[in-house]
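Remarks on the structure that follows.
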Amino acid sequence: MVVMGVTGSGKTTVGEALAHAIHATYVDGDKLHPEANIAKMSAGIPLDDADRWPWLAKVGETLRQESTPIIVGCSALKRAYRDFIAEQAGAPVLFIYLDGSRDLISRRMRERTGHFMPTSLLYSQFATLEVPGKDENAVVVAIDAPLEKIVSDITATFEERQS
């Protein structure tokens, strides 16, 4: 699974809680970025596709290499990125899109500490975002609910798909 969405949507928080709930491993996709990407984003410079493809390959490889259930937090903003991740994973990947308003996410970003991504990049992420289509292996989850509700909704959907 990939927990996806723009910066500040809660990928790490939801991913870690979901992994705990379904006994999976969570990998923060930010830790898979090359140092050059982190430096660029820290400086407020949006990544371009040339920056993203090697990182997305690493996300897919991480999914492929694990024999136990794994969840990776990754923005996966474009359909082409999601298709590429699934291709690299070599198996179907369920994308969990964390959907929230710019105002909500911007407020959350202003309140968080210790993250390299500045609030200024949120708008470029929304500009790049292609919301998963109905024909994609994806579920959309509203992030304006309490964490426990978000995780229970995702878990219920995951269990439905397993049966």
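How things are named: the first chain in the structure tokens is A, the next is B, and so on; residues count from 1 in each chain; ligands count from 1 in the order shown.
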
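Residues within 9 Å of Ala138 in chain A, counting only C-alpha atoms and excluding same-chain residues fewer than 6 positions away, are Val93, Leu94, Phe95, Ile96, Tyr97 and Pro132 of chain A.
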
For Arg64 in chain A, list every protein, DNA or RNA residue within 12 Å, evaluated using only C-alpha atoms, and leave out those in the same chain fewer than 6 positions away; present the list as an MDAnalysis selection string.
chainID A and resid 1 57:58 70:72 85:93

Atomic distance CA of Asp83 in chain A - CA of Gly15 in chain A, expressed in Å with one decimal:
20.2 Å

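If only C-alpha atoms are the atoms counted, then among A:Ile143, A:Val131, A:Leu18, A:Ile105 the closest residue to Thr157 in chain A is A:Leu18.
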
Please extract the residues of chain A with a backbone DSSP assignment of strand (DSSP E or B) and present them as JSON, numbers by chain.
{"A": [2, 3, 4, 25, 26, 27, 28, 70, 71, 72, 73, 95, 96, 97, 98, 99, 138, 139, 140, 141, 142]}

Could the residues in this selection be saved with all heavy atoms as a short mmCIF file (atom, residue, chain, number, x, y, z; two decimals), in the first residue's frame?
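Saved file out17.cif follows:
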```cif
data_model
loop_
_atom_site.label_atom_id
_atom_site.label_comp_id
_atom_site.auth_asym_id
_atom_site.auth_seq_id
_atom_site.Cartn_x
_atom_site.Cartn_y
_atom_site.Cartn_z
N VAL A 2 0.36 2.29 -0.59
CA VAL A 2 1.00 3.59 -0.54
C VAL A 2 -0.02 4.58 0.02
O VAL A 2 -1.13 4.69 -0.51
CB VAL A 2 1.48 4.06 -1.93
CG1 VAL A 2 1.93 5.52 -1.89
CG2 VAL A 2 2.60 3.17 -2.45
N VAL A 3 0.34 5.24 1.11
CA VAL A 3 -0.47 6.33 1.64
C VAL A 3 0.03 7.58 0.94
O VAL A 3 1.21 7.94 1.05
CB VAL A 3 -0.33 6.44 3.17
CG1 VAL A 3 -1.12 7.64 3.69
CG2 VAL A 3 -0.80 5.16 3.85
N MET A 4 -0.86 8.23 0.18
CA MET A 4 -0.44 9.31 -0.70
C MET A 4 -1.21 10.59 -0.42
O MET A 4 -2.28 10.57 0.17
CB MET A 4 -0.63 8.90 -2.16
CG MET A 4 -2.08 8.58 -2.51
SD MET A 4 -2.46 8.63 -4.29
CE MET A 4 -2.37 10.38 -4.64
N THR A 25 4.47 -3.07 8.10
CA THR A 25 5.64 -2.20 8.30
C THR A 25 5.37 -0.89 7.59
O THR A 25 4.89 -0.89 6.45
CB THR A 25 6.91 -2.87 7.71
OG1 THR A 25 7.11 -4.11 8.38
CG2 THR A 25 8.12 -1.98 7.88
N TYR A 26 5.71 0.22 8.24
CA TYR A 26 5.57 1.53 7.61
C TYR A 26 6.95 2.07 7.25
O TYR A 26 7.87 2.03 8.07
CB TYR A 26 4.86 2.54 8.51
CG TYR A 26 4.79 3.90 7.87
CD1 TYR A 26 3.89 4.15 6.84
CD2 TYR A 26 5.66 4.92 8.24
CE1 TYR A 26 3.85 5.39 6.21
CE2 TYR A 26 5.62 6.16 7.61
CZ TYR A 26 4.72 6.38 6.59
OH TYR A 26 4.68 7.59 5.95
N VAL A 27 7.07 2.57 6.02
CA VAL A 27 8.31 3.21 5.56
C VAL A 27 7.95 4.62 5.12
O VAL A 27 7.08 4.82 4.27
CB VAL A 27 8.95 2.43 4.38
CG1 VAL A 27 10.16 3.18 3.83
CG2 VAL A 27 9.32 1.02 4.80
N ASP A 28 8.62 5.59 5.71
CA ASP A 28 8.41 6.99 5.34
C ASP A 28 9.15 7.26 4.03
O ASP A 28 10.38 7.17 3.98
CB ASP A 28 8.93 7.89 6.45
CG ASP A 28 8.60 9.36 6.24
OD1 ASP A 28 8.35 9.76 5.07
OD2 ASP A 28 8.61 10.10 7.22
N ILE A 70 3.54 -4.14 3.72
CA ILE A 70 4.28 -2.88 3.84
C ILE A 70 3.43 -1.72 3.35
O ILE A 70 2.66 -1.86 2.40
CB ILE A 70 5.62 -2.94 3.08
CG1 ILE A 70 6.45 -1.69 3.36
CG2 ILE A 70 5.43 -3.18 1.61
CD1 ILE A 70 7.89 -1.81 2.96
N ILE A 71 3.60 -0.60 4.02
CA ILE A 71 2.93 0.65 3.66
C ILE A 71 4.04 1.69 3.50
O ILE A 71 4.88 1.84 4.38
CB ILE A 71 1.95 1.11 4.75
CG1 ILE A 71 0.89 0.04 4.99
CG2 ILE A 71 1.32 2.45 4.39
CD1 ILE A 71 0.07 0.26 6.25
N VAL A 72 4.03 2.38 2.37
CA VAL A 72 5.00 3.46 2.14
C VAL A 72 4.23 4.77 2.04
O VAL A 72 3.22 4.85 1.35
CB VAL A 72 5.83 3.23 0.86
CG1 VAL A 72 6.77 4.40 0.61
CG2 VAL A 72 6.61 1.93 0.94
N GLY A 73 4.72 5.78 2.73
CA GLY A 73 4.16 7.12 2.59
C GLY A 73 4.87 7.81 1.44
O GLY A 73 6.09 7.93 1.45
N PHE A 95 -3.44 2.42 -3.46
CA PHE A 95 -3.09 3.80 -3.11
C PHE A 95 -4.21 4.37 -2.25
O PHE A 95 -5.38 4.29 -2.61
CB PHE A 95 -2.89 4.65 -4.37
CG PHE A 95 -1.67 4.26 -5.13
CD1 PHE A 95 -1.71 3.28 -6.10
CD2 PHE A 95 -0.45 4.86 -4.85
CE1 PHE A 95 -0.57 2.90 -6.79
CE2 PHE A 95 0.70 4.50 -5.53
CZ PHE A 95 0.64 3.51 -6.50
N ILE A 96 -3.84 4.90 -1.10
CA ILE A 96 -4.77 5.50 -0.17
C ILE A 96 -4.54 7.00 -0.22
O ILE A 96 -3.54 7.50 0.31
CB ILE A 96 -4.57 4.95 1.25
CG1 ILE A 96 -4.75 3.43 1.23
CG2 ILE A 96 -5.52 5.62 2.23
CD1 ILE A 96 -4.16 2.73 2.42
N TYR A 97 -5.46 7.70 -0.88
CA TYR A 97 -5.31 9.14 -1.08
C TYR A 97 -5.92 9.90 0.09
O TYR A 97 -7.12 9.80 0.36
CB TYR A 97 -5.98 9.56 -2.39
CG TYR A 97 -6.12 11.05 -2.56
CD1 TYR A 97 -5.03 11.90 -2.39
CD2 TYR A 97 -7.34 11.61 -2.89
CE1 TYR A 97 -5.15 13.27 -2.54
CE2 TYR A 97 -7.47 12.99 -3.04
CZ TYR A 97 -6.38 13.80 -2.86
OH TYR A 97 -6.50 15.16 -2.99
N LEU A 98 -5.08 10.65 0.80
CA LEU A 98 -5.53 11.46 1.92
C LEU A 98 -5.96 12.82 1.38
O LEU A 98 -5.15 13.64 0.98
CB LEU A 98 -4.40 11.61 2.95
CG LEU A 98 -3.86 10.29 3.51
CD1 LEU A 98 -2.76 10.56 4.54
CD2 LEU A 98 -4.97 9.44 4.12
N ASP A 99 -7.26 13.04 1.38
CA ASP A 99 -7.88 14.20 0.75
C ASP A 99 -8.25 15.24 1.79
O ASP A 99 -8.97 14.94 2.75
CB ASP A 99 -9.14 13.73 0.01
CG ASP A 99 -9.80 14.82 -0.78
OD1 ASP A 99 -9.14 15.81 -1.14
OD2 ASP A 99 -11.02 14.68 -1.05
N ALA A 138 -7.30 2.64 -6.02
CA ALA A 138 -7.12 3.68 -5.01
C ALA A 138 -8.41 3.90 -4.24
O ALA A 138 -9.51 3.66 -4.75
CB ALA A 138 -6.70 4.99 -5.68
N VAL A 139 -8.24 4.34 -3.01
CA VAL A 139 -9.37 4.77 -2.20
C VAL A 139 -9.10 6.20 -1.74
O VAL A 139 -7.95 6.58 -1.53
CB VAL A 139 -9.62 3.85 -0.98
CG1 VAL A 139 -10.06 2.47 -1.42
CG2 VAL A 139 -8.41 3.76 -0.08
N VAL A 140 -10.16 6.97 -1.62
CA VAL A 140 -10.06 8.35 -1.18
C VAL A 140 -10.57 8.43 0.25
O VAL A 140 -11.65 7.92 0.56
CB VAL A 140 -10.89 9.29 -2.09
CG1 VAL A 140 -10.83 10.73 -1.60
CG2 VAL A 140 -10.42 9.19 -3.53
N VAL A 141 -9.77 9.04 1.12
CA VAL A 141 -10.13 9.15 2.53
C VAL A 141 -10.04 10.62 2.94
O VAL A 141 -8.99 11.26 2.77
CB VAL A 141 -9.16 8.30 3.40
CG1 VAL A 141 -9.51 8.43 4.87
CG2 VAL A 141 -9.17 6.86 2.96
N ALA A 142 -11.14 11.15 3.47
CA ALA A 142 -11.15 12.53 3.96
C ALA A 142 -10.34 12.60 5.25
O ALA A 142 -10.45 11.73 6.12
CB ALA A 142 -12.58 12.98 4.21
#
```

Per DSSP on the backbone, filter chain A down to the residues in alpha helix (DSSP H) and report them as an NGL selection string.
:A and (11-22 or 35-42 or 49-65 or 79-89 or 102-111 or 122-128 or 147-162)

Shell around Ala17 in chain A at 9 Å using only C-alpha atoms, local window under 5 positions removed, as an MDAnalysis selection string
chainID A and resid 12 22 26 147:148 151

Can I get the selected residues back with N, CA and C atoms, as an mmCIF file, in the first residue's frame?
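So out.cif came out as:
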```cif
data_model
loop_
_atom_site.group_PDB
_atom_site.id
_atom_site.type_symbol
_atom_site.label_atom_id
_atom_site.label_comp_id
_atom_site.auth_asym_id
_atom_site.auth_seq_id
_atom_site.Cartn_x
_atom_site.Cartn_y
_atom_site.Cartn_z
ATOM 1 N N THR A 12 2.530 10.263 7.134
ATOM 2 C CA THR A 12 3.279 9.552 8.173
ATOM 3 C C THR A 12 2.378 9.181 9.342
ATOM 4 N N ILE A 22 -2.952 -2.975 11.117
ATOM 5 C CA ILE A 22 -3.016 -4.173 10.262
ATOM 6 C C ILE A 22 -1.742 -5.015 10.330
ATOM 7 N N TYR A 26 5.705 0.223 8.241
ATOM 8 C CA TYR A 26 5.571 1.525 7.606
ATOM 9 C C TYR A 26 6.945 2.067 7.251
ATOM 10 N N LEU A 147 -8.064 10.710 13.752
ATOM 11 C CA LEU A 147 -7.166 9.672 13.238
ATOM 12 C C LEU A 147 -7.773 8.280 13.367
ATOM 13 N N GLU A 148 -8.385 7.979 14.489
ATOM 14 C CA GLU A 148 -8.958 6.643 14.701
ATOM 15 C C GLU A 148 -10.020 6.331 13.648
ATOM 16 N N VAL A 151 -8.297 5.700 10.201
ATOM 17 C CA VAL A 151 -7.682 4.368 10.162
ATOM 18 C C VAL A 151 -8.755 3.281 10.092
#
```
